[in-house]
Amino acid sequence: MNAPSTVWQGANRRIHMQEVGLRDGLQMEKAFVPTEDKIALCNALTAAGLSKIEVTSFTSPTAIPALKDAEIVMREITRRPGTVYTALVPNLRGAERAIESRTNELNLVMSVSATHNLANLRMTQEQSFAALAQVVALAQGAQVAVNVSLSCVFGCPMEGDVSEADVYGWVQRFVDLGVRGITLCDTTGMAYPTQVHRLTAAARARWPSVEFTLHFHNTRGMGLANVLAAIDAGADRFDASLGGLGGCPYAPGASGNVCSEEVVHALDCMGYGTGVDLAQLVAAAQQLPALIGHDIPSQIAKAGPRLALHPVPADFEAIRQRALAR
């Protein structure tokens, strides 16, 4: 008989919440969020106590105009000791720009799906790996941390299931380069809890010295369930997006990342220690509709935490009297 799961008893176990909305979320938005608003939003997330914040992407401004102000934002944010300020970098030039802007960590991306990698990055997997290996070497020489985000670990919208052996093979190749941070990404929301538990447990057992992060999207409504499955398998680091922003251009209908304030709210209720001030996080999320010009998926931003109480009806005393008179 299997031992009962302990995922339901948080017991103040530390879960590191890592915010990706400023990059993964804003890059999908049609409206350009002004630079000063991005800086203020990042500062609000810092004040809320996030463990890591992906501030921006040092990609070509032509490719992602929404993040064309990467240098200014990264240089002008207010930094808090203990928070890691990371950025996505696609190549050597992006890495140089990020390092010059005092980025704490470079986040590199490639896909474990050959089809998705070619469609998304315009390169074969071997071409991507060769380019990223150069970035890893540059970062190591500059003594800047590196994290590699592997896309489509839990499925590809064009290929279907991805071989777990292929996933482990790519993890090993980056570990062999000296990378100690790996994110397993559910890029298009295809993951499901039993799959997440199996793969997370296997990866942690095979590479105990690697700092694994789990990155889920809520495309099919299983985001929070997948977070809990990963925690049950030993994971303690999760990417999430303020307001639930995000998506994927190669998966029509794909929704955003798991919502930061929804995950924090659930984990707080269950007794986990996230180190995040939920009230400040919700306040930051509630600023988003005005900045991006549309509603956000977040239910917590709309309804508030479970103990956000409301006044009784104005005629409550009259209701009481009528009930007592029966």
# chains A, B, ... in the order shown; residues from 1 in each chain; ligands from 1
$ select_by_dssp --residues "range 199-263 of chain A" --states "helix (DSSP H, G or I)" --output "PyMOL selection string"
chain A and resi 199-206+223-232+242-244+260-263
$ residues_around --residues "Val136 in chain A" --least-positions-apart "5" --cutoff "8 Å" --atoms "only C-alpha atoms" --output "ChimeraX atom specification"
/A:146,177,179
$ write_last_selection --atoms "all heavy atoms" --output "tab-separated table (two decimals), in the first residue's frame"
chain	number	residue	atom	x	y	z
A	146	VAL	N	22.97	30.82	-14.76
A	146	VAL	CA	22.23	30.41	-15.96
A	146	VAL	C	21.11	29.46	-15.56
A	146	VAL	O	21.31	28.55	-14.75
A	146	VAL	CB	23.15	29.71	-16.98
A	146	VAL	CG1	22.34	29.12	-18.13
A	146	VAL	CG2	24.18	30.69	-17.53
A	177	LEU	N	27.12	20.79	-19.37
A	177	LEU	CA	27.73	22.11	-19.60
A	177	LEU	C	27.95	22.88	-18.31
A	177	LEU	O	28.54	23.96	-18.33
A	177	LEU	CB	26.83	22.95	-20.52
A	177	LEU	CG	26.69	22.53	-21.98
A	177	LEU	CD1	25.77	23.51	-22.71
A	177	LEU	CD2	28.04	22.45	-22.69
A	179	VAL	N	25.26	23.68	-16.22
A	179	VAL	CA	24.03	24.38	-15.86
A	179	VAL	C	23.41	23.69	-14.65
A	179	VAL	O	23.29	22.47	-14.61
A	179	VAL	CB	23.04	24.36	-17.04
A	179	VAL	CG1	21.68	24.94	-16.62
A	179	VAL	CG2	23.61	25.16	-18.22
$ closest_residue --among "A:Glu159, A:Gln134, A:Glu261, A:Ala98" --to "Ala114 in chain A" --atoms "only C-alpha atoms"
A:Glu159
$ closest_residue --among "A:Ser5, A:Ser113, A:Gln299, A:Asn107" --to "Val144 in chain A" --atoms "only C-alpha atoms"
A:Asn107
$ residues_around --residues "Ala66 in chain A" --least-positions-apart "6" --cutoff "10 Å" --atoms "only C-alpha atoms" --output "list in words"
Arg23, Leu26, Gln27, Met28, Glu29, Lys30, Ala31, Phe32, Val33, Pro34, Thr35, Thr56 and Ser57 of chain A
$ closest_residue --among "A:Asp37, A:Ser260, A:Leu106, A:Val73" --to "Leu291 in chain A" --atoms "only C-alpha atoms"
A:Asp37
$ closest_residue --among "A:Gln140, A:Ser298, A:Gln195, A:Ser149" --to "Ser163 in chain A" --atoms "only C-alpha atoms"
A:Gln195
$ select_by_dssp --residues "range 43-174 of chain A" --states "strand (DSSP E or B)" --output "VMD selection string"
chain A and resid 52 to 57 84 to 88 105 to 111 145 to 151 156 160
